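The next block holds one structure in the form of structure tokens; read it before the comments.
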2 protein chains.
Amino acid sequence: MKITDLTHTITDDISVFSATEHPKITVAAEKETDGYSQKHISIYSHNGTHMDAPFHILKNGLTADDMPLEAFFGKGCVVDFSEGTEKEISLEAIKSKEKEIRASDFLLIHTGWDKKWKTDDYTVGFPVLSVEAANYLTNFNLKGVGVDAISVDTIDSSEMTVHHALLGAGMILVENLTNLSALPQSGFYFSSLPLKIKEADGSPIRAVAIEW
Amino acid sequence: MKITDLTHTITDDISVFSATEHPKITVAAEKETDGYSQKHISIYSHNGTHMDAPFHILKNGLTADDMPLEAFFGKGCVVDFSEGTEKEISLEAIKSKEKEIRASDFLLIHTGWDKKWKTDDYTVGFPVLSVEAANYLTNFNLKGVGVDAISVDTIDSSEMTVHHALLGAGMILVENLTNLSALPQSGFYFSSLPLKIKEADGSPIRAVAIEW
């Protein structure tokens with residue numbers, strides 16, 4: 001068995017949306033004085049590598065704790081758009097990967113944008129799916145789509161059309177993935193299990209790929 | 001594939017150690033005003049269903065982010081001490097399960113104590129392994145031990161001998177599990193992947209069992 005980490009480390013200086021504060025990880029107990037070490041974690045549900053439940057955007061969408069666990073675990077594939085990536089991933093580009101997508105539960109889109117993590121460039125201008133490409137993905141039995149950028153929509157999107165298309169089709173989204181270049185094109189299981197927070201619109205996760 | 005949830009829901013009124021505050025989950029953004037829903041999560045690294053890394057107790061112990069991901073995922077077995085459970089699980093009782101333990105990466109100890117979750121009775125008087133039983137478990141190649149109570153040591157333990165024995169042998173611990181009665185005795189994978197917090201002494205987790 002081989003497990004590949006697809007998760008950014010949570011620190012106080014990670015890239016976040018401008019409307020959100022950074023996570024704060026503080027020492028709450030120490031072995032020298034308390035006999036054990038403990039930390040306090042202050043974090044938003046969409047900080048760091050995380051998943052979006054439909055309720056994040058859709059008024060009547062499911063929360064993560066209302067979904068079966070199988071919604072967060074399944075066969076993954078990676079499509080590589082890291083070479084010559086345009087700002088928008090076209091319907092044509094996605095259609096060329098139809099065979100891999102059809103055989104998968106999770107589509108992970110590798111753009112290489114994760115290299116800009118923790119720089120000012122990370123949160124602007126990242127590649128996103130075109131609306132047509134997003135709509136096309138709703139024709140499969142995908143459980144979710146994952147990206148190595150902070151959002152599936154452009155940073156200034158008010159309509160959130162890609163979120164609406166994919167979450168509206170019952171999928172989950174996974175954002176701020178990293179290390180997708182370490183994965184084979186297919187032949188792995190993708191895990192994006194959320195914390196069990198009541199009425200969760202999303203959750204920081206430990207995203208991993210498991211190969212047997 | 002079947003995935004079984006072994007995790008308590010995180011709410012503001014869960015059972016915690018008296019020295020620790022409750023988690024606080026608050027609404028940070030709403031669709032009506034912000035266009036999306038987001039929550040803020042305030043939680044301690046050992047709140048709710050969580051894992052302990054060796055650094056939780058051991059001065060030079062590994063933190064979770066220093067451990068390979070394979071340390072948190074592997075073949076599980078459940079030993080059932082829910083009938084006639086004494087305060088202490090003896091060496092003899094554990095020895096009687098040698099065959100199951102030898103074939104497993106994770107030993108999950110079912111006592112049924114999780115039924116007391118969120119009551120005053122939960123944090124006192126739960127069954128724990130005897131020191132001899134804990135030391136015996138270090139003779140196997142276990143990756144970890146999980147329990148359906150708040151600790152592997154008694155609540156008033158200052159020595160934390162079971163923590164020391166098991167973490168000292170390089171294992172992880174998983175505490176506050178639930179729903180262990182839903183599992184077969186073996187034939188499943190146990191996942192206790194922690195959040196990727198820098199220098200993590202532990203982490204809230206989504207503990208699950210996966211049967212193929």
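Labels used: A, B, ... for chains in the order of the structure tokens, numbers from 1 for residues in each chain, and numbers from 1 for ligands as shown.
Residues surrounding Thr123 in chain B within 9 Å are Ser15, Val16, Phe17, Ser18, Lys116, Trp117, Ala149, Ile150, Ser151 and Ile155 of chain B [only C-alpha atoms; sequence separation below 5 positions excluded].
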How about saving the chosen residues, N, CA and C atoms kept, as an mmCIF file, in the first residue's frame?
```cif
data_model
loop_
_atom_site.group_PDB
_atom_site.id
_atom_site.type_symbol
_atom_site.label_atom_id
_atom_site.label_comp_id
_atom_site.auth_asym_id
_atom_site.auth_seq_id
_atom_site.Cartn_x
_atom_site.Cartn_y
_atom_site.Cartn_z
ATOM 1 N N SER B 15 -18.648 15.778 25.123
ATOM 2 C CA SER B 15 -17.865 15.479 26.323
ATOM 3 C C SER B 15 -16.414 15.893 26.100
ATOM 4 N N VAL B 16 -15.862 16.644 27.059
ATOM 5 C CA VAL B 16 -14.445 17.034 26.991
ATOM 6 C C VAL B 16 -13.809 16.858 28.369
ATOM 7 N N PHE B 17 -12.480 16.833 28.403
ATOM 8 C CA PHE B 17 -11.767 16.842 29.677
ATOM 9 C C PHE B 17 -12.103 18.147 30.411
ATOM 10 N N SER B 18 -12.107 18.108 31.725
ATOM 11 C CA SER B 18 -12.504 19.296 32.489
ATOM 12 C C SER B 18 -11.535 20.454 32.263
ATOM 13 N N LYS B 116 -22.396 6.538 26.835
ATOM 14 C CA LYS B 116 -22.483 7.573 27.867
ATOM 15 C C LYS B 116 -22.048 8.958 27.352
ATOM 16 N N TRP B 117 -21.636 9.021 26.103
ATOM 17 C CA TRP B 117 -21.191 10.279 25.462
ATOM 18 C C TRP B 117 -22.170 11.427 25.769
ATOM 19 N N ALA B 149 -13.692 5.403 24.622
ATOM 20 C CA ALA B 149 -13.741 6.252 25.815
ATOM 21 C C ALA B 149 -12.824 7.445 25.574
ATOM 22 N N ILE B 150 -12.788 8.366 26.528
ATOM 23 C CA ILE B 150 -12.067 9.632 26.322
ATOM 24 C C ILE B 150 -10.560 9.489 26.456
ATOM 25 N N SER B 151 -10.086 8.385 27.058
ATOM 26 C CA SER B 151 -8.645 8.214 27.255
ATOM 27 C C SER B 151 -8.305 6.732 27.349
ATOM 28 N N ILE B 155 -8.986 8.675 34.241
ATOM 29 C CA ILE B 155 -9.108 10.134 34.172
ATOM 30 C C ILE B 155 -8.201 10.832 35.180
#
```
TODO: Counting only C-alpha atoms, collect the residues of chain B whose closest atom lies at most 7 Å from chain A, and write them out as an NGL selection string.
DONE: :B and (3 or 9-11 or 31 or 35-46 or 56-57 or 69-70 or 193-198 or 201 or 205-206)
Produce a file of the selected residues containing N, CA and C atoms, as an mmCIF file, in the first residue's frame.
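Saved to out.cif:
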```cif
data_model
loop_
_atom_site.group_PDB
_atom_site.id
_atom_site.type_symbol
_atom_site.label_atom_id
_atom_site.label_comp_id
_atom_site.auth_asym_id
_atom_site.auth_seq_id
_atom_site.Cartn_x
_atom_site.Cartn_y
_atom_site.Cartn_z
ATOM 1 N N ILE B 3 -18.612 1.950 3.986
ATOM 2 C CA ILE B 3 -17.832 2.761 4.927
ATOM 3 C C ILE B 3 -18.671 3.003 6.173
ATOM 4 N N THR B 9 -20.292 13.288 16.323
ATOM 5 C CA THR B 9 -20.508 14.611 15.720
ATOM 6 C C THR B 9 -19.935 15.690 16.633
ATOM 7 N N ILE B 10 -19.244 16.654 16.021
ATOM 8 C CA ILE B 10 -18.663 17.770 16.779
ATOM 9 C C ILE B 10 -19.729 18.846 16.988
ATOM 10 N N THR B 11 -20.078 19.068 18.235
ATOM 11 C CA THR B 11 -21.029 20.123 18.590
ATOM 12 C C THR B 11 -20.491 20.845 19.832
ATOM 13 N N LYS B 31 -25.247 32.535 3.017
ATOM 14 C CA LYS B 31 -25.570 32.696 1.595
ATOM 15 C C LYS B 31 -26.388 33.963 1.338
ATOM 16 N N GLY B 35 -23.273 35.260 -0.017
ATOM 17 C CA GLY B 35 -23.256 34.460 -1.239
ATOM 18 C C GLY B 35 -22.780 33.037 -1.025
ATOM 19 N N TYR B 36 -22.312 32.738 0.182
ATOM 20 C CA TYR B 36 -21.848 31.376 0.492
ATOM 21 C C TYR B 36 -21.950 31.163 1.994
ATOM 22 N N SER B 37 -21.970 29.923 2.398
ATOM 23 C CA SER B 37 -21.981 29.593 3.826
ATOM 24 C C SER B 37 -20.585 29.158 4.260
ATOM 25 N N GLN B 38 -20.169 29.658 5.396
ATOM 26 C CA GLN B 38 -18.897 29.230 5.982
ATOM 27 C C GLN B 38 -19.037 29.233 7.492
ATOM 28 N N LYS B 39 -18.334 28.311 8.134
ATOM 29 C CA LYS B 39 -18.320 28.260 9.594
ATOM 30 C C LYS B 39 -16.917 28.518 10.119
ATOM 31 N N HIS B 40 -16.859 29.041 11.336
ATOM 32 C CA HIS B 40 -15.582 29.094 12.030
ATOM 33 C C HIS B 40 -15.553 27.964 13.047
ATOM 34 N N ILE B 41 -14.414 27.310 13.112
ATOM 35 C CA ILE B 41 -14.242 26.134 13.969
ATOM 36 C C ILE B 41 -13.183 26.452 15.014
ATOM 37 N N SER B 42 -13.571 26.412 16.270
ATOM 38 C CA SER B 42 -12.626 26.563 17.373
ATOM 39 C C SER B 42 -12.601 25.233 18.101
ATOM 40 N N ILE B 43 -11.476 24.566 18.085
ATOM 41 C CA ILE B 43 -11.418 23.196 18.616
ATOM 42 C C ILE B 43 -10.016 22.894 19.125
ATOM 43 N N TYR B 44 -9.922 22.032 20.107
ATOM 44 C CA TYR B 44 -8.620 21.590 20.610
ATOM 45 C C TYR B 44 -8.195 20.315 19.880
ATOM 46 N N SER B 45 -6.891 20.091 19.857
ATOM 47 C CA SER B 45 -6.364 18.956 19.085
ATOM 48 C C SER B 45 -6.811 17.610 19.647
ATOM 49 N N HIS B 46 -7.285 17.576 20.907
ATOM 50 C CA HIS B 46 -7.742 16.313 21.502
ATOM 51 C C HIS B 46 -9.226 16.349 21.880
ATOM 52 N N HIS B 56 2.295 13.967 21.926
ATOM 53 C CA HIS B 56 1.264 14.380 22.906
ATOM 54 C C HIS B 56 1.755 14.179 24.340
ATOM 55 N N ILE B 57 2.505 13.094 24.532
ATOM 56 C CA ILE B 57 2.936 12.711 25.885
ATOM 57 C C ILE B 57 4.459 12.599 26.013
ATOM 58 N N LEU B 69 2.055 8.599 6.226
ATOM 59 C CA LEU B 69 0.593 8.461 6.216
ATOM 60 C C LEU B 69 0.149 7.028 6.477
ATOM 61 N N GLU B 70 1.009 6.077 6.150
ATOM 62 C CA GLU B 70 0.672 4.673 6.385
ATOM 63 C C GLU B 70 0.501 4.377 7.874
ATOM 64 N N LEU B 193 -6.745 9.356 9.623
ATOM 65 C CA LEU B 193 -5.874 10.389 9.050
ATOM 66 C C LEU B 193 -6.066 11.732 9.770
ATOM 67 N N PRO B 194 -4.979 12.300 10.307
ATOM 68 C CA PRO B 194 -5.090 13.588 11.012
ATOM 69 C C PRO B 194 -5.089 14.766 10.045
ATOM 70 N N LEU B 195 -5.629 15.892 10.486
ATOM 71 C CA LEU B 195 -5.405 17.132 9.749
ATOM 72 C C LEU B 195 -3.896 17.384 9.698
ATOM 73 N N LYS B 196 -3.455 18.105 8.658
ATOM 74 C CA LYS B 196 -2.010 18.312 8.488
ATOM 75 C C LYS B 196 -1.575 19.601 9.192
ATOM 76 N N ILE B 197 -1.634 19.547 10.504
ATOM 77 C CA ILE B 197 -1.268 20.703 11.329
ATOM 78 C C ILE B 197 0.220 20.611 11.649
ATOM 79 N N LYS B 198 0.906 21.733 11.531
ATOM 80 C CA LYS B 198 2.345 21.744 11.801
ATOM 81 C C LYS B 198 2.597 21.376 13.261
ATOM 82 N N ASP B 201 0.441 17.489 17.875
ATOM 83 C CA ASP B 201 0.464 16.493 18.952
ATOM 84 C C ASP B 201 -0.715 15.537 18.821
ATOM 85 N N ILE B 205 -10.288 13.844 14.040
ATOM 86 C CA ILE B 205 -10.273 13.055 12.798
ATOM 87 C C ILE B 205 -11.685 12.611 12.434
ATOM 88 N N ARG B 206 -11.859 12.201 11.198
ATOM 89 C CA ARG B 206 -13.041 11.456 10.800
ATOM 90 C C ARG B 206 -12.634 9.992 10.769
#
```
TODO: Report as a ChimeraX atom specification: the residues of range 17-196 of chain B with a DSSP assignment of alpha helix (DSSP H), based on the backbone of this structure.
DONE: /B:31-34,91-95,98-102,131-137,161-168
C-alpha atoms of the current selection, written as a CSV table (one decimal), in the first residue's frame:
```csv
chain,number,residue,atom,x,y,z
B,31,LYS,CA,-25.6,32.7,1.6
B,32,GLU,CA,-28.2,35.4,2.0
B,33,THR,CA,-25.7,38.1,2.8
B,34,ASP,CA,-22.3,36.8,1.6
B,91,LEU,CA,-3.6,-9.1,30.2
B,92,GLU,CA,-5.5,-12.4,30.1
B,93,ALA,CA,-8.4,-10.8,28.3
B,94,ILE,CA,-6.2,-9.3,25.7
B,95,LYS,CA,-4.1,-12.4,25.3
B,98,GLU,CA,-3.9,-12.7,20.2
B,99,LYS,CA,-4.8,-14.2,16.8
B,100,GLU,CA,-6.9,-11.2,15.7
B,101,ILE,CA,-4.3,-8.7,17.0
B,102,ARG,CA,-1.5,-10.4,15.2
B,131,VAL,CA,-0.3,-1.8,32.3
B,132,GLU,CA,0.5,-5.5,31.6
B,133,ALA,CA,-2.0,-5.6,28.8
B,134,ALA,CA,-0.6,-2.4,27.3
B,135,ASN,CA,2.9,-3.7,27.5
B,136,TYR,CA,1.9,-7.0,25.9
B,137,LEU,CA,0.5,-5.0,22.9
B,161,THR,CA,1.3,4.6,31.9
B,162,VAL,CA,-0.8,3.2,29.0
B,163,HIS,CA,-0.2,6.3,26.9
B,164,HIS,CA,3.6,5.9,27.6
B,165,ALA,CA,3.6,2.2,26.8
B,166,LEU,CA,1.8,2.4,23.5
B,167,LEU,CA,3.0,5.8,22.2
B,168,GLY,CA,6.5,4.8,23.4
```
Open item on the list: Just want the 6 Å neighbourhood of Gly144 in chain A, counted on only C-alpha atoms, with same-chain residues fewer than 3 positions away dropped. Output as a PyMOL selection string.
Closed with: chain A and resi 106+171-173
Task: DSSP strand (DSSP E) selection over range 56-154 of chain A, as JSON, numbers by chain - done: {"A": [73, 74, 75, 76, 77, 78, 79, 80, 88, 89, 106, 107, 108, 109, 110, 128, 129, 144, 145, 146, 147]}
TODO: For Val78 in chain A, please output as a PyMOL selection string all residues within 10 Å (counting only C-alpha atoms; exclusion window: fewer than 2 positions along the same chain).
DONE: chain A and resi 76+80-81+97+100-101+104+106-110+146-147+180-181+183-188
Selected residues written out, N, CA and C atoms, as a PDB file, in the first residue's frame:
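result_1.pdb was written with the following content:
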```pdb
ATOM      1  N   GLY A  76     -10.120   7.550  -8.074  1.00  0.00           N
ATOM      2  CA  GLY A  76      -9.737   8.857  -8.594  1.00  0.00           C
ATOM      3  C   GLY A  76      -8.993   8.782  -9.904  1.00  0.00           C
ATOM      4  N   ASP A  80      -4.085  16.079 -16.471  1.00  0.00           N
ATOM      5  CA  ASP A  80      -2.939  16.982 -16.381  1.00  0.00           C
ATOM      6  C   ASP A  80      -3.076  18.137 -17.373  1.00  0.00           C
ATOM      7  N   PHE A  81      -3.346  19.311 -16.838  1.00  0.00           N
ATOM      8  CA  PHE A  81      -3.368  20.524 -17.658  1.00  0.00           C
ATOM      9  C   PHE A  81      -2.260  21.478 -17.204  1.00  0.00           C
ATOM     10  N   LYS A  97     -10.538  13.807 -22.146  1.00  0.00           N
ATOM     11  CA  LYS A  97     -10.245  12.896 -21.026  1.00  0.00           C
ATOM     12  C   LYS A  97     -11.468  12.055 -20.650  1.00  0.00           C
ATOM     13  N   GLU A 100     -11.029   8.436 -18.985  1.00  0.00           N
ATOM     14  CA  GLU A 100     -10.564   8.420 -17.594  1.00  0.00           C
ATOM     15  C   GLU A 100     -11.680   8.876 -16.642  1.00  0.00           C
ATOM     16  N   ILE A 101     -12.393   9.922 -17.057  1.00  0.00           N
ATOM     17  CA  ILE A 101     -13.443  10.473 -16.198  1.00  0.00           C
ATOM     18  C   ILE A 101     -14.561   9.445 -15.994  1.00  0.00           C
ATOM     19  N   SER A 104     -14.095   6.899 -13.248  1.00  0.00           N
ATOM     20  CA  SER A 104     -13.693   7.430 -11.939  1.00  0.00           C
ATOM     21  C   SER A 104     -14.867   7.971 -11.131  1.00  0.00           C
ATOM     22  N   PHE A 106     -13.842  10.392  -8.705  1.00  0.00           N
ATOM     23  CA  PHE A 106     -13.318  11.741  -8.460  1.00  0.00           C
ATOM     24  C   PHE A 106     -12.386  12.154  -9.594  1.00  0.00           C
ATOM     25  N   LEU A 107     -12.610  13.339 -10.087  1.00  0.00           N
ATOM     26  CA  LEU A 107     -11.746  13.928 -11.111  1.00  0.00           C
ATOM     27  C   LEU A 107     -10.873  14.981 -10.442  1.00  0.00           C
ATOM     28  N   LEU A 108      -9.564  14.783 -10.480  1.00  0.00           N
ATOM     29  CA  LEU A 108      -8.625  15.746  -9.903  1.00  0.00           C
ATOM     30  C   LEU A 108      -7.929  16.478 -11.047  1.00  0.00           C
ATOM     31  N   ILE A 109      -8.023  17.802 -11.031  1.00  0.00           N
ATOM     32  CA  ILE A 109      -7.502  18.611 -12.133  1.00  0.00           C
ATOM     33  C   ILE A 109      -6.161  19.213 -11.738  1.00  0.00           C
ATOM     34  N   HIS A 110      -5.116  18.737 -12.387  1.00  0.00           N
ATOM     35  CA  HIS A 110      -3.760  19.184 -12.082  1.00  0.00           C
ATOM     36  C   HIS A 110      -3.375  20.342 -13.003  1.00  0.00           C
ATOM     37  N   GLY A 146     -11.787  17.820  -7.814  1.00  0.00           N
ATOM     38  CA  GLY A 146     -10.770  18.468  -6.983  1.00  0.00           C
ATOM     39  C   GLY A 146      -9.823  19.301  -7.816  1.00  0.00           C
ATOM     40  N   VAL A 147      -9.394  20.431  -7.251  1.00  0.00           N
ATOM     41  CA  VAL A 147      -8.479  21.330  -7.967  1.00  0.00           C
ATOM     42  C   VAL A 147      -7.315  21.738  -7.063  1.00  0.00           C
ATOM     43  N   LEU A 180      -0.418  16.865  -6.882  1.00  0.00           N
ATOM     44  CA  LEU A 180      -1.121  15.988  -7.841  1.00  0.00           C
ATOM     45  C   LEU A 180      -0.156  15.396  -8.862  1.00  0.00           C
ATOM     46  N   SER A 181       0.981  16.042  -9.049  1.00  0.00           N
ATOM     47  CA  SER A 181       1.968  15.518 -10.015  1.00  0.00           C
ATOM     48  C   SER A 181       2.570  14.203  -9.545  1.00  0.00           C
ATOM     49  N   LEU A 183       0.907  11.675  -8.552  1.00  0.00           N
ATOM     50  CA  LEU A 183      -0.050  10.574  -8.736  1.00  0.00           C
ATOM     51  C   LEU A 183       0.017   9.969 -10.136  1.00  0.00           C
ATOM     52  N   PRO A 184      -0.276   8.673 -10.225  1.00  0.00           N
ATOM     53  CA  PRO A 184      -0.505   8.090 -11.551  1.00  0.00           C
ATOM     54  C   PRO A 184      -1.818   8.648 -12.106  1.00  0.00           C
ATOM     55  N   GLN A 185      -2.039   8.480 -13.417  1.00  0.00           N
ATOM     56  CA  GLN A 185      -3.255   9.014 -14.043  1.00  0.00           C
ATOM     57  C   GLN A 185      -4.516   8.398 -13.441  1.00  0.00           C
ATOM     58  N   SER A 186      -4.433   7.152 -13.032  1.00  0.00           N
ATOM     59  CA  SER A 186      -5.575   6.485 -12.392  1.00  0.00           C
ATOM     60  C   SER A 186      -5.044   5.311 -11.570  1.00  0.00           C
ATOM     61  N   GLY A 187      -5.963   4.506 -11.018  1.00  0.00           N
ATOM     62  CA  GLY A 187      -5.510   3.351 -10.242  1.00  0.00           C
ATOM     63  C   GLY A 187      -5.279   3.664  -8.776  1.00  0.00           C
ATOM     64  N   PHE A 188      -5.979   4.675  -8.267  1.00  0.00           N
ATOM     65  CA  PHE A 188      -5.874   4.996  -6.839  1.00  0.00           C
ATOM     66  C   PHE A 188      -7.253   5.349  -6.291  1.00  0.00           C
TER      67      PHE A 188
END
```
Task: For CA of Val79 in chain A and CA of Asp114 in chain A, the interatomic separation in Å (one decimal) - done: 15.0 Å
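Note that the spacing between CA of Trp113 in chain B and CA of Asp148 in chain B amounts to 6.0 Å.
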